[in-house]
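See below for query16.cif, which holds mmCIF, N, CA and C atoms.
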```cif
data_model
loop_
_atom_site.label_atom_id
_atom_site.label_comp_id
_atom_site.auth_asym_id
_atom_site.auth_seq_id
_atom_site.Cartn_x
_atom_site.Cartn_y
_atom_site.Cartn_z
N MET A 8 -0.51 -14.59 14.42
CA MET A 8 -1.60 -13.66 14.62
C MET A 8 -2.71 -13.97 13.61
N GLU A 9 -3.92 -13.82 14.03
CA GLU A 9 -5.09 -14.17 13.23
C GLU A 9 -5.41 -13.10 12.18
N GLU A 10 -5.76 -13.57 10.97
CA GLU A 10 -6.16 -12.66 9.90
C GLU A 10 -7.66 -12.42 10.04
N ASN A 11 -8.02 -11.40 10.81
CA ASN A 11 -9.42 -11.18 11.15
C ASN A 11 -9.95 -9.82 10.67
N TYR A 12 -9.27 -9.24 9.67
CA TYR A 12 -9.72 -7.97 9.09
C TYR A 12 -9.86 -8.12 7.59
N LEU A 13 -10.88 -7.49 7.05
CA LEU A 13 -11.10 -7.44 5.62
C LEU A 13 -10.42 -6.18 5.11
N ILE A 14 -9.49 -6.35 4.19
CA ILE A 14 -8.70 -5.24 3.67
C ILE A 14 -9.04 -5.09 2.18
N SER A 15 -9.60 -3.94 1.83
CA SER A 15 -9.94 -3.64 0.43
C SER A 15 -8.99 -2.58 -0.06
N ILE A 16 -8.35 -2.86 -1.20
CA ILE A 16 -7.36 -1.95 -1.76
C ILE A 16 -7.76 -1.59 -3.18
N LEU A 17 -7.85 -0.30 -3.44
CA LEU A 17 -8.11 0.19 -4.79
C LEU A 17 -6.90 1.02 -5.18
N GLY A 18 -6.21 0.60 -6.24
CA GLY A 18 -5.04 1.31 -6.71
C GLY A 18 -5.25 1.82 -8.13
N ARG A 19 -4.87 3.07 -8.36
CA ARG A 19 -4.94 3.65 -9.70
C ARG A 19 -3.56 4.16 -10.07
N GLN A 20 -3.18 3.91 -11.32
CA GLN A 20 -1.89 4.36 -11.81
C GLN A 20 -2.08 4.96 -13.20
N THR A 21 -1.46 6.12 -13.42
CA THR A 21 -1.51 6.76 -14.73
C THR A 21 -0.08 6.87 -15.26
N VAL A 22 0.13 6.28 -16.45
CA VAL A 22 1.42 6.32 -17.13
C VAL A 22 1.18 6.83 -18.54
N ASN A 23 1.84 7.91 -18.91
CA ASN A 23 1.70 8.49 -20.26
C ASN A 23 0.24 8.69 -20.65
N GLY A 24 -0.57 9.18 -19.71
CA GLY A 24 -1.97 9.47 -19.98
C GLY A 24 -2.91 8.27 -19.95
N GLU A 25 -2.37 7.08 -19.80
CA GLU A 25 -3.17 5.85 -19.74
C GLU A 25 -3.36 5.44 -18.29
N GLN A 26 -4.64 5.29 -17.88
CA GLN A 26 -4.92 4.94 -16.49
C GLN A 26 -5.26 3.45 -16.37
N ASP A 27 -4.75 2.85 -15.31
CA ASP A 27 -5.02 1.45 -14.99
C ASP A 27 -5.52 1.40 -13.56
N GLU A 28 -6.42 0.48 -13.28
CA GLU A 28 -7.01 0.37 -11.94
C GLU A 28 -7.00 -1.09 -11.51
N VAL A 29 -6.61 -1.31 -10.27
CA VAL A 29 -6.59 -2.66 -9.70
C VAL A 29 -7.32 -2.60 -8.37
N GLU A 30 -8.19 -3.58 -8.15
CA GLU A 30 -8.92 -3.66 -6.89
C GLU A 30 -8.74 -5.05 -6.31
N VAL A 31 -8.36 -5.10 -5.03
CA VAL A 31 -8.11 -6.37 -4.34
C VAL A 31 -8.79 -6.31 -2.98
N THR A 32 -9.44 -7.41 -2.60
CA THR A 32 -9.98 -7.55 -1.25
C THR A 32 -9.43 -8.84 -0.69
N THR A 33 -8.87 -8.76 0.52
CA THR A 33 -8.23 -9.92 1.12
C THR A 33 -8.38 -9.86 2.64
N LEU A 34 -8.12 -10.97 3.28
CA LEU A 34 -8.08 -11.00 4.74
C LEU A 34 -6.66 -10.68 5.19
N GLY A 35 -6.55 -10.00 6.30
CA GLY A 35 -5.24 -9.66 6.82
C GLY A 35 -5.32 -9.30 8.29
N ARG A 36 -4.24 -8.70 8.77
CA ARG A 36 -4.15 -8.29 10.17
C ARG A 36 -4.11 -6.77 10.25
N TYR A 37 -4.60 -6.27 11.35
CA TYR A 37 -4.57 -4.84 11.62
C TYR A 37 -4.28 -4.68 13.09
N THR A 38 -3.17 -4.02 13.40
CA THR A 38 -2.77 -3.86 14.80
C THR A 38 -2.24 -2.45 15.04
N GLU A 39 -2.12 -2.11 16.30
CA GLU A 39 -1.53 -0.83 16.68
C GLU A 39 -0.44 -1.12 17.71
N LYS A 40 0.72 -0.46 17.51
CA LYS A 40 1.83 -0.64 18.44
C LYS A 40 2.61 0.67 18.50
N ASN A 41 2.83 1.17 19.69
CA ASN A 41 3.59 2.40 19.91
C ASN A 41 3.06 3.58 19.10
N GLY A 42 1.73 3.68 19.01
CA GLY A 42 1.11 4.80 18.31
C GLY A 42 1.08 4.67 16.79
N LYS A 43 1.61 3.59 16.25
CA LYS A 43 1.60 3.35 14.80
C LYS A 43 0.63 2.22 14.49
N LYS A 44 -0.01 2.31 13.34
CA LYS A 44 -0.95 1.28 12.93
C LYS A 44 -0.31 0.44 11.83
N TYR A 45 -0.56 -0.86 11.86
CA TYR A 45 0.03 -1.78 10.89
C TYR A 45 -1.07 -2.56 10.18
N ILE A 46 -1.03 -2.52 8.86
CA ILE A 46 -1.93 -3.30 8.01
C ILE A 46 -1.05 -4.34 7.34
N VAL A 47 -1.35 -5.62 7.55
CA VAL A 47 -0.52 -6.70 7.03
C VAL A 47 -1.40 -7.65 6.22
N TYR A 48 -0.97 -7.93 5.00
CA TYR A 48 -1.73 -8.86 4.15
C TYR A 48 -0.80 -9.55 3.18
N LYS A 49 -1.29 -10.65 2.62
CA LYS A 49 -0.52 -11.41 1.63
C LYS A 49 -1.10 -11.17 0.24
N GLU A 50 -0.19 -11.13 -0.73
CA GLU A 50 -0.59 -11.03 -2.14
C GLU A 50 -0.13 -12.30 -2.83
N TYR A 51 -0.99 -12.84 -3.67
CA TYR A 51 -0.68 -14.07 -4.39
C TYR A 51 -0.62 -13.76 -5.88
N GLU A 52 0.57 -13.93 -6.47
CA GLU A 52 0.71 -13.69 -7.90
C GLU A 52 0.08 -14.82 -8.71
N ASP A 53 0.11 -16.03 -8.14
CA ASP A 53 -0.37 -17.20 -8.84
C ASP A 53 -1.35 -17.94 -7.94
N ALA A 54 -2.64 -17.87 -8.26
CA ALA A 54 -3.67 -18.51 -7.43
C ALA A 54 -3.47 -20.02 -7.35
N GLU A 55 -2.81 -20.59 -8.34
CA GLU A 55 -2.56 -22.03 -8.37
C GLU A 55 -1.48 -22.45 -7.37
N ASN A 56 -0.63 -21.50 -6.98
CA ASN A 56 0.49 -21.82 -6.11
C ASN A 56 0.53 -20.86 -4.91
N PRO A 57 -0.25 -21.14 -3.85
CA PRO A 57 -0.32 -20.23 -2.71
C PRO A 57 0.98 -20.12 -1.92
N GLN A 58 1.96 -21.01 -2.17
CA GLN A 58 3.25 -20.89 -1.49
C GLN A 58 4.04 -19.68 -2.02
N LYS A 59 3.69 -19.18 -3.19
CA LYS A 59 4.39 -18.04 -3.78
C LYS A 59 3.69 -16.74 -3.41
N ALA A 60 3.54 -16.53 -2.13
CA ALA A 60 2.89 -15.32 -1.64
C ALA A 60 3.95 -14.32 -1.21
N ARG A 61 3.61 -13.06 -1.34
CA ARG A 61 4.48 -12.02 -0.78
C ARG A 61 3.68 -11.29 0.28
N THR A 62 4.37 -10.86 1.31
CA THR A 62 3.73 -10.18 2.42
C THR A 62 3.92 -8.68 2.27
N SER A 63 2.85 -7.93 2.42
CA SER A 63 2.90 -6.48 2.39
C SER A 63 2.53 -5.96 3.78
N ILE A 64 3.34 -5.02 4.25
CA ILE A 64 3.10 -4.37 5.54
C ILE A 64 3.02 -2.87 5.29
N LEU A 65 1.94 -2.26 5.73
CA LEU A 65 1.81 -0.81 5.69
C LEU A 65 1.91 -0.31 7.12
N LYS A 66 2.94 0.46 7.39
CA LYS A 66 3.12 1.07 8.71
C LYS A 66 2.62 2.50 8.59
N VAL A 67 1.54 2.82 9.28
CA VAL A 67 0.87 4.11 9.15
C VAL A 67 1.16 4.96 10.39
N GLU A 68 1.71 6.16 10.14
CA GLU A 68 2.01 7.10 11.21
C GLU A 68 1.14 8.34 11.02
N GLY A 69 -0.13 8.21 11.40
CA GLY A 69 -1.10 9.31 11.29
C GLY A 69 -1.30 9.76 9.87
N ASP A 70 -1.47 11.08 9.68
CA ASP A 70 -1.65 11.67 8.36
C ASP A 70 -0.33 12.11 7.75
N GLN A 71 0.78 11.68 8.31
CA GLN A 71 2.07 12.19 7.86
C GLN A 71 2.90 11.19 7.06
N LYS A 72 2.87 9.91 7.45
CA LYS A 72 3.82 8.98 6.84
C LYS A 72 3.27 7.57 6.80
N VAL A 73 3.48 6.90 5.65
CA VAL A 73 3.17 5.49 5.48
C VAL A 73 4.40 4.84 4.87
N THR A 74 4.83 3.74 5.44
CA THR A 74 5.94 2.98 4.87
C THR A 74 5.38 1.65 4.39
N LEU A 75 5.60 1.36 3.09
CA LEU A 75 5.19 0.08 2.51
C LEU A 75 6.42 -0.80 2.45
N ILE A 76 6.32 -1.93 3.14
CA ILE A 76 7.41 -2.91 3.15
C ILE A 76 6.85 -4.19 2.54
N ARG A 77 7.48 -4.67 1.48
CA ARG A 77 7.01 -5.87 0.81
C ARG A 77 8.16 -6.88 0.78
N SER A 78 7.85 -8.12 1.17
CA SER A 78 8.86 -9.17 1.15
C SER A 78 8.27 -10.42 0.51
N GLY A 79 9.15 -11.33 0.13
CA GLY A 79 8.71 -12.57 -0.48
C GLY A 79 8.92 -12.55 -1.98
N GLY A 80 10.16 -12.51 -2.40
CA GLY A 80 10.46 -12.52 -3.83
C GLY A 80 10.89 -11.17 -4.36
N ASP A 81 10.21 -10.13 -3.98
CA ASP A 81 10.59 -8.78 -4.45
C ASP A 81 10.55 -7.82 -3.28
N ALA A 82 11.71 -7.60 -2.71
CA ALA A 82 11.82 -6.74 -1.52
C ALA A 82 11.69 -5.28 -1.94
N THR A 83 10.65 -4.64 -1.45
CA THR A 83 10.38 -3.23 -1.77
C THR A 83 10.16 -2.47 -0.48
N ARG A 84 10.63 -1.24 -0.46
CA ARG A 84 10.38 -0.36 0.69
C ARG A 84 10.12 1.03 0.14
N LEU A 85 8.87 1.46 0.20
CA LEU A 85 8.48 2.79 -0.26
C LEU A 85 8.09 3.63 0.95
N ILE A 86 8.62 4.84 1.00
CA ILE A 86 8.27 5.77 2.07
C ILE A 86 7.38 6.85 1.47
N LEU A 87 6.16 6.93 1.96
CA LEU A 87 5.18 7.90 1.50
C LEU A 87 4.97 8.90 2.64
N GLU A 88 5.60 10.07 2.51
CA GLU A 88 5.52 11.07 3.56
C GLU A 88 4.93 12.35 2.99
N ASN A 89 3.87 12.81 3.61
CA ASN A 89 3.09 13.95 3.11
C ASN A 89 3.99 15.14 2.76
N GLY A 90 3.95 15.55 1.47
CA GLY A 90 4.68 16.72 1.01
C GLY A 90 6.17 16.53 0.82
N LYS A 91 6.67 15.29 0.88
CA LYS A 91 8.11 15.04 0.77
C LYS A 91 8.41 14.02 -0.33
N ARG A 92 9.65 14.09 -0.82
CA ARG A 92 10.16 13.14 -1.82
C ARG A 92 11.24 12.30 -1.15
N HIS A 93 11.15 10.98 -1.36
CA HIS A 93 12.15 10.05 -0.84
C HIS A 93 12.67 9.19 -1.98
N LEU A 94 13.93 8.81 -1.92
CA LEU A 94 14.48 7.81 -2.84
C LEU A 94 14.28 6.46 -2.18
N CYS A 95 13.66 5.53 -2.91
CA CYS A 95 13.28 4.25 -2.33
C CYS A 95 13.65 3.10 -3.26
N ARG A 96 13.76 1.93 -2.68
CA ARG A 96 14.04 0.70 -3.43
C ARG A 96 12.72 0.09 -3.88
N TYR A 97 12.63 -0.18 -5.18
CA TYR A 97 11.42 -0.79 -5.74
C TYR A 97 11.85 -1.98 -6.58
N ASP A 98 11.46 -3.17 -6.17
CA ASP A 98 11.84 -4.39 -6.89
C ASP A 98 10.72 -4.76 -7.85
N THR A 99 11.06 -4.89 -9.11
CA THR A 99 10.09 -5.19 -10.16
C THR A 99 9.88 -6.68 -10.36
N GLY A 100 10.69 -7.51 -9.72
CA GLY A 100 10.66 -8.93 -9.99
C GLY A 100 11.71 -9.30 -11.02
N PHE A 101 12.15 -8.32 -11.81
CA PHE A 101 13.21 -8.51 -12.81
C PHE A 101 14.48 -7.79 -12.40
N GLY A 102 14.41 -7.08 -11.29
CA GLY A 102 15.55 -6.32 -10.79
C GLY A 102 15.06 -5.15 -9.96
N ALA A 103 15.95 -4.61 -9.16
CA ALA A 103 15.58 -3.51 -8.28
C ALA A 103 15.95 -2.17 -8.91
N LEU A 104 15.12 -1.16 -8.63
CA LEU A 104 15.35 0.20 -9.08
C LEU A 104 15.33 1.12 -7.87
N THR A 105 16.02 2.24 -8.01
CA THR A 105 15.85 3.31 -7.04
C THR A 105 14.93 4.32 -7.68
N VAL A 106 13.81 4.58 -7.03
CA VAL A 106 12.82 5.51 -7.59
C VAL A 106 12.59 6.65 -6.62
N GLY A 107 12.23 7.79 -7.17
CA GLY A 107 11.81 8.91 -6.35
C GLY A 107 10.32 8.80 -6.08
N VAL A 108 9.93 9.00 -4.85
CA VAL A 108 8.52 8.92 -4.46
C VAL A 108 8.15 10.24 -3.81
N PHE A 109 7.23 10.98 -4.46
CA PHE A 109 6.76 12.25 -3.89
C PHE A 109 5.30 12.08 -3.52
N THR A 110 4.98 12.29 -2.24
CA THR A 110 3.62 12.13 -1.75
C THR A 110 2.91 13.49 -1.79
N GLN A 111 1.87 13.54 -2.63
CA GLN A 111 1.10 14.78 -2.78
C GLN A 111 0.09 14.93 -1.67
N SER A 112 -0.57 13.84 -1.28
CA SER A 112 -1.52 13.90 -0.17
C SER A 112 -1.62 12.54 0.49
N LEU A 113 -1.85 12.60 1.80
CA LEU A 113 -1.99 11.39 2.60
C LEU A 113 -3.04 11.70 3.65
N HIS A 114 -4.05 10.84 3.73
CA HIS A 114 -5.09 11.04 4.73
C HIS A 114 -5.44 9.69 5.35
N SER A 115 -5.44 9.65 6.67
CA SER A 115 -5.78 8.44 7.40
C SER A 115 -6.84 8.76 8.44
N ASP A 116 -7.91 7.95 8.44
CA ASP A 116 -8.85 8.03 9.55
C ASP A 116 -8.96 6.65 10.19
N LEU A 117 -7.82 5.97 10.26
CA LEU A 117 -7.77 4.66 10.90
C LEU A 117 -7.92 4.81 12.40
N GLY A 118 -8.80 4.01 12.97
CA GLY A 118 -9.01 4.01 14.41
C GLY A 118 -8.82 2.61 14.96
N ALA A 119 -9.31 2.38 16.14
CA ALA A 119 -9.12 1.10 16.82
C ALA A 119 -9.72 -0.08 16.06
N ALA A 120 -10.84 0.13 15.36
CA ALA A 120 -11.51 -0.97 14.67
C ALA A 120 -11.30 -0.96 13.17
N GLY A 121 -10.43 -0.07 12.66
CA GLY A 121 -10.19 0.01 11.22
C GLY A 121 -10.43 1.41 10.72
N GLY A 122 -10.81 1.51 9.45
CA GLY A 122 -11.06 2.82 8.87
C GLY A 122 -10.54 2.89 7.45
N ARG A 123 -10.11 4.10 7.06
CA ARG A 123 -9.68 4.32 5.67
C ARG A 123 -8.32 5.01 5.62
N LEU A 124 -7.62 4.74 4.54
CA LEU A 124 -6.33 5.36 4.26
C LEU A 124 -6.31 5.69 2.77
N SER A 125 -5.95 6.93 2.43
CA SER A 125 -5.85 7.36 1.04
C SER A 125 -4.52 8.08 0.83
N VAL A 126 -3.83 7.72 -0.26
CA VAL A 126 -2.54 8.33 -0.57
C VAL A 126 -2.47 8.62 -2.06
N GLN A 127 -2.00 9.82 -2.41
CA GLN A 127 -1.73 10.18 -3.80
C GLN A 127 -0.24 10.51 -3.88
N TYR A 128 0.44 9.90 -4.87
CA TYR A 128 1.88 10.10 -4.98
C TYR A 128 2.35 9.90 -6.43
N THR A 129 3.56 10.38 -6.69
CA THR A 129 4.18 10.17 -8.01
C THR A 129 5.44 9.33 -7.82
N LEU A 130 5.78 8.62 -8.89
CA LEU A 130 7.05 7.89 -8.96
C LEU A 130 7.87 8.50 -10.08
N ASP A 131 9.16 8.71 -9.83
CA ASP A 131 10.04 9.18 -10.90
C ASP A 131 11.29 8.31 -10.94
N VAL A 132 11.83 8.18 -12.16
CA VAL A 132 13.07 7.45 -12.38
C VAL A 132 14.03 8.43 -13.04
N ASN A 133 15.22 8.58 -12.48
CA ASN A 133 16.19 9.56 -12.97
C ASN A 133 15.56 10.95 -13.07
N ALA A 134 14.76 11.31 -12.09
CA ALA A 134 14.09 12.61 -11.98
C ALA A 134 13.07 12.86 -13.09
N SER A 135 12.71 11.84 -13.87
CA SER A 135 11.66 11.97 -14.89
C SER A 135 10.41 11.25 -14.40
N LEU A 136 9.26 11.92 -14.51
CA LEU A 136 8.01 11.34 -14.04
C LEU A 136 7.73 10.01 -14.72
N ALA A 137 7.50 8.98 -13.92
CA ALA A 137 7.17 7.66 -14.44
C ALA A 137 5.68 7.39 -14.34
N SER A 138 5.06 7.79 -13.21
CA SER A 138 3.64 7.54 -13.04
C SER A 138 3.08 8.40 -11.92
N THR A 139 1.75 8.63 -11.99
CA THR A 139 1.02 9.20 -10.86
C THR A 139 0.16 8.08 -10.32
N ASN A 140 0.03 8.04 -9.00
CA ASN A 140 -0.61 6.89 -8.36
C ASN A 140 -1.51 7.34 -7.22
N GLU A 141 -2.50 6.53 -6.96
CA GLU A 141 -3.32 6.72 -5.76
C GLU A 141 -3.72 5.36 -5.23
N ILE A 142 -3.80 5.29 -3.91
CA ILE A 142 -4.21 4.07 -3.22
C ILE A 142 -5.30 4.46 -2.24
N HIS A 143 -6.36 3.67 -2.23
CA HIS A 143 -7.44 3.85 -1.26
C HIS A 143 -7.62 2.50 -0.56
N ILE A 144 -7.46 2.49 0.75
CA ILE A 144 -7.54 1.24 1.51
C ILE A 144 -8.62 1.38 2.58
N THR A 145 -9.45 0.36 2.67
CA THR A 145 -10.46 0.27 3.71
C THR A 145 -10.16 -0.96 4.56
N VAL A 146 -10.15 -0.78 5.89
CA VAL A 146 -9.88 -1.87 6.82
C VAL A 146 -11.10 -2.01 7.72
N LYS A 147 -11.70 -3.21 7.73
CA LYS A 147 -12.87 -3.47 8.58
C LYS A 147 -12.72 -4.84 9.22
N GLU A 148 -13.30 -4.96 10.40
CA GLU A 148 -13.31 -6.28 11.02
C GLU A 148 -14.03 -7.24 10.09
N ALA A 149 -13.52 -8.47 9.96
CA ALA A 149 -14.14 -9.47 9.10
C ALA A 149 -15.57 -9.70 9.54
N GLY A 150 -16.45 -9.85 8.58
CA GLY A 150 -17.86 -10.02 8.89
C GLY A 150 -18.64 -8.75 8.62
N ARG A 151 -17.96 -7.59 8.58
CA ARG A 151 -18.61 -6.33 8.22
C ARG A 151 -18.32 -6.07 6.76
N SER A 152 -19.24 -5.41 6.08
CA SER A 152 -19.04 -5.14 4.66
C SER A 152 -18.01 -4.04 4.45
N ALA A 153 -17.22 -4.18 3.40
CA ALA A 153 -16.21 -3.17 3.06
C ALA A 153 -16.72 -2.31 1.93
N ALA A 154 -16.74 -1.01 2.16
CA ALA A 154 -17.22 -0.08 1.13
C ALA A 154 -16.11 0.27 0.17
N ARG A 155 -16.45 0.41 -1.10
CA ARG A 155 -15.49 0.79 -2.12
C ARG A 155 -15.13 2.27 -1.98
N GLN A 156 -13.86 2.55 -2.15
CA GLN A 156 -13.37 3.91 -2.08
C GLN A 156 -13.50 4.59 -3.44
N PRO A 157 -13.56 5.93 -3.47
CA PRO A 157 -13.65 6.65 -4.74
C PRO A 157 -12.35 6.58 -5.50
#
```
Target format structure tokens, applied to this file:
Amino acid sequence: MEENYLISILGRQTVNGEQDEVEVTTLGRYTEKNGKKYIVYKEYEDAENPQKARTSILKVEGDQKVTLIRSGGDATRLILENGKRHLCRYDTGFGALTVGVFTQSLHSDLGAAGGRLSVQYTLDVNASLASTNEIHITVKEAGRSAARQP
């Protein structure tokens, strides 16, 4: 399948009062199947070695649920469901952890040609807060400009 969508991702994480922000723009795929929308893109840890890519898939089920599936070295599966806590597998690259994921808010206005997805959630380890997180994703057909999310 052709990578014909521009995917902009803004991630913020707060740990012990310290905030970090990461912004990535990449080409990827955006499809709809059985009422669910899929955002698929590759992440490269080492720009010098493009064979070491991991694939991220976001399965979006309206404003209720997003499942992040990551493969290629560190298999991760996070379930982000509005107002719910799930125990999920999170691979750090040094080993896998089971973390609690509580989704505080999830909003999607993804349509046939793209749109926006925003999620705010917390991660906990052994029921102790590890971080608060937010992700803002914009999906646009390639060739159109991608606006930065707040």
Contacts of Lys66 (chain A) at 12 Å (only C-alpha atoms; same-chain gap of 6+ positions) as a ChimeraX atom specification: /A:36-48,72-77,84-88,115,117,124
Would you place a box with edges along x, y and z of the file around all atoms of region 83-102 of chain A listed there, add 5 Å to each of its six sides, and report the centre and edge lengths in Å to one decimal, as AutoDock Vina command-line options?
```
--center_x 9.3 --center_y 3.7 --center_z -4.6 --size_x 22.5 --size_y 36.0 --size_z 26.4
```
Go through the shown structure with the PyMOL selection byres ((chain A and resi 82) around 8) and write out the matching residues as a PDB file with N, CA and C atoms, keeping the file's coordinate frame.
```pdb
ATOM      1  N   ILE A  76       6.320  -1.930   3.140  1.00  0.00           N
ATOM      2  CA  ILE A  76       7.410  -2.910   3.150  1.00  0.00           C
ATOM      3  C   ILE A  76       6.850  -4.190   2.540  1.00  0.00           C
ATOM      4  N   ARG A  77       7.480  -4.670   1.480  1.00  0.00           N
ATOM      5  CA  ARG A  77       7.010  -5.870   0.810  1.00  0.00           C
ATOM      6  C   ARG A  77       8.160  -6.880   0.780  1.00  0.00           C
ATOM      7  N   SER A  78       7.850  -8.120   1.170  1.00  0.00           N
ATOM      8  CA  SER A  78       8.860  -9.170   1.150  1.00  0.00           C
ATOM      9  C   SER A  78       8.270 -10.420   0.510  1.00  0.00           C
ATOM     10  N   GLY A  79       9.150 -11.330   0.130  1.00  0.00           N
ATOM     11  CA  GLY A  79       8.710 -12.570  -0.480  1.00  0.00           C
ATOM     12  C   GLY A  79       8.920 -12.550  -1.980  1.00  0.00           C
ATOM     13  N   GLY A  80      10.160 -12.510  -2.400  1.00  0.00           N
ATOM     14  CA  GLY A  80      10.460 -12.520  -3.830  1.00  0.00           C
ATOM     15  C   GLY A  80      10.890 -11.170  -4.360  1.00  0.00           C
ATOM     16  N   ASP A  81      10.210 -10.130  -3.980  1.00  0.00           N
ATOM     17  CA  ASP A  81      10.590  -8.780  -4.450  1.00  0.00           C
ATOM     18  C   ASP A  81      10.550  -7.820  -3.280  1.00  0.00           C
ATOM     19  N   THR A  83      10.650  -4.640  -1.450  1.00  0.00           N
ATOM     20  CA  THR A  83      10.380  -3.230  -1.770  1.00  0.00           C
ATOM     21  C   THR A  83      10.160  -2.470  -0.480  1.00  0.00           C
ATOM     22  N   ARG A  84      10.630  -1.240  -0.460  1.00  0.00           N
ATOM     23  CA  ARG A  84      10.380  -0.360   0.690  1.00  0.00           C
ATOM     24  C   ARG A  84      10.120   1.030   0.140  1.00  0.00           C
ATOM     25  N   LEU A  85       8.870   1.460   0.200  1.00  0.00           N
ATOM     26  CA  LEU A  85       8.480   2.790  -0.260  1.00  0.00           C
ATOM     27  C   LEU A  85       8.090   3.630   0.950  1.00  0.00           C
ATOM     28  N   ARG A  96      13.760   1.930  -2.680  1.00  0.00           N
ATOM     29  CA  ARG A  96      14.040   0.700  -3.430  1.00  0.00           C
ATOM     30  C   ARG A  96      12.720   0.090  -3.880  1.00  0.00           C
ATOM     31  N   TYR A  97      12.630  -0.180  -5.180  1.00  0.00           N
ATOM     32  CA  TYR A  97      11.420  -0.790  -5.740  1.00  0.00           C
ATOM     33  C   TYR A  97      11.850  -1.980  -6.580  1.00  0.00           C
ATOM     34  N   ASP A  98      11.460  -3.170  -6.170  1.00  0.00           N
ATOM     35  CA  ASP A  98      11.840  -4.390  -6.890  1.00  0.00           C
ATOM     36  C   ASP A  98      10.720  -4.760  -7.850  1.00  0.00           C
ATOM     37  N   THR A  99      11.060  -4.890  -9.110  1.00  0.00           N
ATOM     38  CA  THR A  99      10.090  -5.190 -10.160  1.00  0.00           C
ATOM     39  C   THR A  99       9.880  -6.680 -10.360  1.00  0.00           C
ATOM     40  N   GLY A 100      10.690  -7.510  -9.720  1.00  0.00           N
ATOM     41  CA  GLY A 100      10.660  -8.930  -9.990  1.00  0.00           C
ATOM     42  C   GLY A 100      11.710  -9.300 -11.020  1.00  0.00           C
ATOM     43  N   ALA A 103      15.950  -4.610  -9.160  1.00  0.00           N
ATOM     44  CA  ALA A 103      15.580  -3.510  -8.280  1.00  0.00           C
ATOM     45  C   ALA A 103      15.950  -2.170  -8.910  1.00  0.00           C
TER      46      ALA A 103
END
```
Mind checking DSSP for chain A and telling me the strand (DSSP E) residues as a VMD selection string? chain A and resid 12 to 22 25 to 40 43 to 51 60 to 68 72 to 78 83 to 88 92 to 98 103 to 115 122 to 132 135 to 148
Could you tell me which residues the PyMOL selection byres (((chain A and resi 12 and name CA) around 10) and name CA) returns for this structure, as a PyMOL selection string? chain A and resi 9-11+13-15+33-38+46-48+120-121+145-151
For Ser135 (chain A), the nearest of the candidates A:Gly122, A:Gly24, A:Gly102, A:Gly107, counting all atoms listed in the file: A:Gly107
Quote the spacing between CA of Glu68 (chain A) and CA of Val132 (chain A) in Å to one decimal place.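 Between these atoms lies a distance of 26.1 Å.
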Report the residues retrieved by the PyMOL selection byres ((chain A and resi 112) around 5) from the displayed file, expressed as number ranges by chain. A: 110-111, 113-114, 126-127
For Tyr128 (chain A), which residue among A:Val67, A:Tyr51, A:Leu94, A:Gln20 is the nearest when counting only C-alpha atoms?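 Checking each of A:Val67, A:Tyr51, A:Leu94, A:Gln20 against Tyr128 (chain A), counting only C-alpha atoms, the winner is A:Gln20.
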Figure out the distance between atom N of Asp27 (chain A) and CA of Gln71 (chain A), please, to one decimal in Å.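 Taking CA of Gln71 (chain A) as the start and atom N of Asp27 (chain A) as the end point, the length is 25.9 Å.
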When you draw a straight line from atom N of Asn133 (chain A) to atom C of Cys95 (chain A), how long is it in Å?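 It comes out at 10.8 Å.
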Measuring atom to atom with only C-alpha atoms, identify which of A:Ala119, A:Ala60, A:Val108, A:Leu65 is nearest to Thr139 (chain A).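 Selected residue with least distance to Thr139 (chain A): A:Val108.
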Which polymer residues, whether protein, DNA or RNA, lie within 7 Å of the coordinate (-6.5, 3.6, -8.3) when you count all atoms listed in the file? List them as a ChimeraX atom specification, using the chain letters and numbers from the file. /A:17-20,27-29,140-143
Which of these, A:Thr105, A:Lys91, A:Ile144, A:Ala137, has the shortest distance to Ser125 (chain A) once you count all atoms listed in the file?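 So, comparing all the options, the nearest one is A:Ile144.
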